[in-house]
Amino acid sequence: MLTNTAQTFSLRLERTLEFVGALLLALLLATVTLSIVLRYVAASGFVGAEEAASWLLVALVSIGLPFASTASGLQIDLFEGGSASGQALIARGLSPNAGRRNGKISLWTRRCAPRDLRALFSGVITLLACIVLISGSGNAALDLGGISPSLGLSEGLRPAMLSAGGVLAIVAILLRHLAESRLVAFVLMLLVAVGLHWAVGVAPALGLASPSVMLCCLALAGILGGTPLPHAFIAAAYVTVAFGAPMPEEAMVTATLSGLSRYLLTAIPFFLLAGALLTASGIASDLVRFAAALVGHRRAGLGQTVLLTGVLFSGASGSSIANAAFGTAAFMPQLTARGTPPERAGALIAAVSVLDNIIPPSIAFLILAAAADLSTGKLLAGGFVAGLVMAATLAIAIHLNGATTASADRASASECRRFGMRALPAFGLGIIVVAGIRAGVVAPTEAAALAAAYTLVAAILKRTAVQEIGAAFRQSARETAAILLLIGTAAPFAFLIAVDGVAAQVSSTASWLGSNPFLVIAALNLLLLGVGLFLDIGAAILLFAPLTLPVAVSAGIDPIHFGVILVVNLMIGGLTPPVGILVQTVGNAAGVSVVALFAASRPYLLALLSALALLSFSAALAACF
């Protein structure tokens, strides 16, 4: 009875939070769009639009905290997991019957398996992070004074929202454990987390190692233990206080709020929404038909169709995981029906999905621009060039590999025009985003808002069901919360590394490479390729961009060129074991062995590495002149 009740309440809480998140996203879109219209049509402004947007972002993250935290107590396998909504790993739940004898929980009477211990460890770290957010945000809400200049709201409300999100997260974890008859496990994890929080707060500073070294070790332990990345970051930053880190809870919360509420980041939910609406409205399917009409009849025509669709869809979604899921649903049945082995078909789809975070609009470049203070417009322009180079190398690999067949009939010119007209609404996104930003007509956030509004209107004109539009808003709100929470919780992590002088130490250590740009960029490529083996691209950008960019610039390499190379490096990690997020996504969606997919991905991995070498050579050559 208790289990059924908990399941009911857990489902109701999830649906309620999704609905509220969708409303907040709709309000955010309306706010930014109205501001643009007033400025360009009425020659006036919407006072407080940027401030309102930052508050709405905080509210979105607070609503999304329970979604990020319900992986607590779940097993995460680095070698088998994939991920959704931007995470680098996939949570695999313990069996609801684990630890039960004769219908009763037997955690106290049987020997815990390694999976159980790992799940308990992950749950403790997640609950500790929630407690830190609740405590630190509560104290910050009481300490902060003043009123927001435009909205007239108390500044203490923003940390209060984050504190409320932490409470909801613990409630969600409790309901999940009750639904799985694991109340004893939850109580045990909560007691350990509370005790650890208290111990760190009262313990004298230990001088075992520098705070930054302990920070990295603790975060890595949390990640390897299966903790969601944001919770691993915030818990590691807090525990590092016991090793002399000069950052109390209140400062962590302030840094987190500052990291996630920047106006530039408002573009992320809008790009996610634009991609979701394109799929829901069927415009993405029109892109597939148009691509098939253009190249489907050529050698390996179905493979070239997958590639061309990926290039076209990249200019709409900005999310590689979204494209991997879409490509699996759209192409896997066709490829396998025409004789392509499932592992080769899946490998092709995963490889093409790499382009989504390279060709603009790219969420990865937005994160990089915020983390390294680089020009968003120049990064997007560089990503467009890099994406075309990568697409060309993939086209060659597809042609030589010959893993797919050609379409039976060649489309006529009239059919190409007809399919092109149907896919025309998708091309408008590229004009709005790239041309608008490069021409200086709109800022990146405004371009993203116009793109989302444009796709919403297109979906309505396509007579898309209200339920599907609502689902797109809910999905985008959840993904936004996950990405922004990661960005926000990485802010105190980055602050502590900066305070400890790690960037200066890295630059000093790299000085032995000299000023030869070819040698420097080769060493940085090896480092970033290694990082991409394990870390999610968002976390890797936030942690390694501030460390590697000064090294590249000191060798004369243009920061924009290196920023593009950095993202390309990390996106290639989506195809490499042990994590290989894109391979994992396709494998989970298609039911294909991940090991077989990794093996089949080698020709496309080689093609992408060739593109990376070409881009790196051109950047180093430009540094010599």
# chains A, B, ... in the order shown; residues from 1 in each chain; ligands from 1

$ residues_around --residues "Pro577 in chain A" --least-positions-apart "5" --cutoff "9 Å" --atoms "only C-alpha atoms" --output "VMD selection string"
chain A and resid 79 533 to 534 583 595 598

$ closest_atom_pairs --of "range 159-259 of chain A" --to "range 125-134 of chain A" --cutoff "9 Å" --atoms "only C-alpha atoms" --output "JSON lines"
{"residue": "A:Pro159", "atom": "CA", "partner": "A:Leu133", "partner_atom": "CA", "distance": 8.8}
{"residue": "A:Ala160", "atom": "CA", "partner": "A:Ile134", "partner_atom": "CA", "distance": 8.4}
{"residue": "A:Leu162", "atom": "CA", "partner": "A:Leu133", "partner_atom": "CA", "distance": 6.9}
{"residue": "A:Ser163", "atom": "CA", "partner": "A:Ile134", "partner_atom": "CA", "distance": 4.2}
{"residue": "A:Ala164", "atom": "CA", "partner": "A:Ile134", "partner_atom": "CA", "distance": 7.1}
{"residue": "A:Gly165", "atom": "CA", "partner": "A:Ile134", "partner_atom": "CA", "distance": 8.0}
{"residue": "A:Gly166", "atom": "CA", "partner": "A:Cys130", "partner_atom": "CA", "distance": 5.0}
{"residue": "A:Val167", "atom": "CA", "partner": "A:Ile134", "partner_atom": "CA", "distance": 6.8}
{"residue": "A:Ala169", "atom": "CA", "partner": "A:Cys130", "partner_atom": "CA", "distance": 7.1}
{"residue": "A:Ile170", "atom": "CA", "partner": "A:Leu127", "partner_atom": "CA", "distance": 6.9}
{"residue": "A:Ile173", "atom": "CA", "partner": "A:Leu127", "partner_atom": "CA", "distance": 8.6}
{"residue": "A:Met189", "atom": "CA", "partner": "A:Leu127", "partner_atom": "CA", "distance": 7.5}
{"residue": "A:Leu190", "atom": "CA", "partner": "A:Leu127", "partner_atom": "CA", "distance": 6.5}
{"residue": "A:Val192", "atom": "CA", "partner": "A:Leu128", "partner_atom": "CA", "distance": 8.6}
{"residue": "A:Ala193", "atom": "CA", "partner": "A:Leu128", "partner_atom": "CA", "distance": 4.9}
{"residue": "A:Val194", "atom": "CA", "partner": "A:Leu128", "partner_atom": "CA", "distance": 6.9}
{"residue": "A:Leu196", "atom": "CA", "partner": "A:Leu128", "partner_atom": "CA", "distance": 7.6}
{"residue": "A:His197", "atom": "CA", "partner": "A:Leu128", "partner_atom": "CA", "distance": 6.7}
{"residue": "A:Gly222", "atom": "CA", "partner": "A:Ile125", "partner_atom": "CA", "distance": 7.0}
{"residue": "A:Thr227", "atom": "CA", "partner": "A:Thr126", "partner_atom": "CA", "distance": 6.5}
{"residue": "A:Pro228", "atom": "CA", "partner": "A:Thr126", "partner_atom": "CA", "distance": 7.5}
{"residue": "A:Pro230", "atom": "CA", "partner": "A:Ala129", "partner_atom": "CA", "distance": 8.5}
{"residue": "A:His231", "atom": "CA", "partner": "A:Ala129", "partner_atom": "CA", "distance": 5.3}
{"residue": "A:Ala232", "atom": "CA", "partner": "A:Ile125", "partner_atom": "CA", "distance": 6.7}
{"residue": "A:Phe233", "atom": "CA", "partner": "A:Ala129", "partner_atom": "CA", "distance": 8.4}
{"residue": "A:Ile234", "atom": "CA", "partner": "A:Ala129", "partner_atom": "CA", "distance": 5.7}
{"residue": "A:Ala235", "atom": "CA", "partner": "A:Ala129", "partner_atom": "CA", "distance": 4.8}
{"residue": "A:Ala236", "atom": "CA", "partner": "A:Ala129", "partner_atom": "CA", "distance": 8.6}
{"residue": "A:Tyr238", "atom": "CA", "partner": "A:Val132", "partner_atom": "CA", "distance": 7.4}
{"residue": "A:Glu249", "atom": "CA", "partner": "A:Val132", "partner_atom": "CA", "distance": 6.6}
{"residue": "A:Glu250", "atom": "CA", "partner": "A:Leu133", "partner_atom": "CA", "distance": 8.8}
{"residue": "A:Met252", "atom": "CA", "partner": "A:Leu133", "partner_atom": "CA", "distance": 8.5}
{"residue": "A:Val253", "atom": "CA", "partner": "A:Leu133", "partner_atom": "CA", "distance": 6.7}

$ residues_around --residues "range 257-269 of chain A" --least-positions-apart "3" --cutoff "8 Å" --atoms "only C-alpha atoms" --output "ChimeraX atom specification"
/A:25,50,53-55,57-58,158-159,253-254,272-273,363,366-367,370,444-449,476-477,479-480,484-485,487-491

$ write_last_selection --atoms "C-alpha atoms" --output "compact mmCIF listing (two decimals), in the first residue's frame"
# COMPACT_ATOMS: atom_id res chain seq x y z
CA LEU A 25 9.91 28.35 -20.28
CA GLU A 50 17.31 40.70 -18.80
CA ALA A 53 15.15 36.29 -17.71
CA SER A 54 17.86 35.60 -15.12
CA TRP A 55 15.25 35.10 -12.39
CA LEU A 57 16.45 30.71 -15.26
CA VAL A 58 16.98 30.32 -11.52
CA ARG A 158 16.71 33.81 -5.71
CA PRO A 159 18.70 31.72 -3.21
CA VAL A 253 25.49 29.26 -3.58
CA THR A 254 26.25 32.82 -4.69
CA LEU A 272 16.47 23.15 -27.25
CA LEU A 273 12.86 24.21 -27.73
CA ILE A 363 24.92 24.78 -27.24
CA LEU A 366 27.32 29.02 -25.99
CA ILE A 367 28.76 27.32 -22.90
CA ALA A 370 30.22 32.05 -21.26
CA PRO A 444 22.78 35.42 -29.57
CA THR A 445 20.04 35.23 -26.94
CA GLU A 446 17.66 37.27 -29.08
CA ALA A 447 18.43 35.13 -32.13
CA ALA A 448 17.67 32.00 -30.12
CA ALA A 449 14.38 33.49 -28.88
CA SER A 476 13.04 21.39 -23.20
CA ALA A 477 12.45 22.67 -19.66
CA GLU A 479 16.92 19.51 -20.43
CA THR A 480 17.48 23.20 -19.71
CA LEU A 484 22.11 25.06 -16.40
CA LEU A 485 22.49 23.17 -13.14
CA ILE A 487 26.98 25.15 -15.51
CA GLY A 488 25.99 26.72 -12.20
CA THR A 489 27.53 24.05 -9.97
CA ALA A 490 30.76 24.15 -11.97
CA ALA A 491 31.18 27.86 -11.05

$ closest_residue --among "A:Ile560, A:Leu529, A:Ile396, A:Ala221" --to "Asp373 in chain A" --atoms "only C-alpha atoms"
A:Ile560

$ residues_around --residues "Val531 in chain A" --least-positions-apart "5" --cutoff "9 Å" --atoms "only C-alpha atoms" --output "VMD selection string"
chain A and resid 526 536 540 544 570 573

$ write_last_selection --atoms "N, CA and C atoms" --output "PDB file, in the first residue's frame"
ATOM      1  N   LEU A 526      45.948  16.029 -27.541  1.00  0.00           N
ATOM      2  CA  LEU A 526      46.059  14.750 -26.821  1.00  0.00           C
ATOM      3  C   LEU A 526      45.380  14.849 -25.452  1.00  0.00           C
ATOM      4  N   ASP A 536      31.572  14.524 -19.695  1.00  0.00           N
ATOM      5  CA  ASP A 536      30.537  15.161 -20.490  1.00  0.00           C
ATOM      6  C   ASP A 536      31.091  16.461 -21.080  1.00  0.00           C
ATOM      7  N   ALA A 540      33.458  19.283 -19.308  1.00  0.00           N
ATOM      8  CA  ALA A 540      34.833  19.400 -19.805  1.00  0.00           C
ATOM      9  C   ALA A 540      35.136  20.826 -20.258  1.00  0.00           C
ATOM     10  N   PHE A 544      38.076  22.741 -18.387  1.00  0.00           N
ATOM     11  CA  PHE A 544      39.353  22.754 -19.090  1.00  0.00           C
ATOM     12  C   PHE A 544      39.546  23.941 -20.025  1.00  0.00           C
ATOM     13  N   LEU A 570      36.324  17.500 -27.920  1.00  0.00           N
ATOM     14  CA  LEU A 570      35.441  16.923 -26.908  1.00  0.00           C
ATOM     15  C   LEU A 570      34.244  16.212 -27.535  1.00  0.00           C
ATOM     16  N   GLY A 573      34.874  12.716 -28.478  1.00  0.00           N
ATOM     17  CA  GLY A 573      34.753  11.814 -27.337  1.00  0.00           C
ATOM     18  C   GLY A 573      33.407  11.121 -27.252  1.00  0.00           C
TER      19      GLY A 573
END

$ atom_distance --atom1 "CA of Leu308 in chain A" --atom2 "CA of Ile537 in chain A"
23.8 Å

$ closest_residue --among "A:Ile572, A:Ile521, A:Ile359, A:Met247" --to "Gly382 in chain A" --atoms "only C-alpha atoms"
A:Ile359
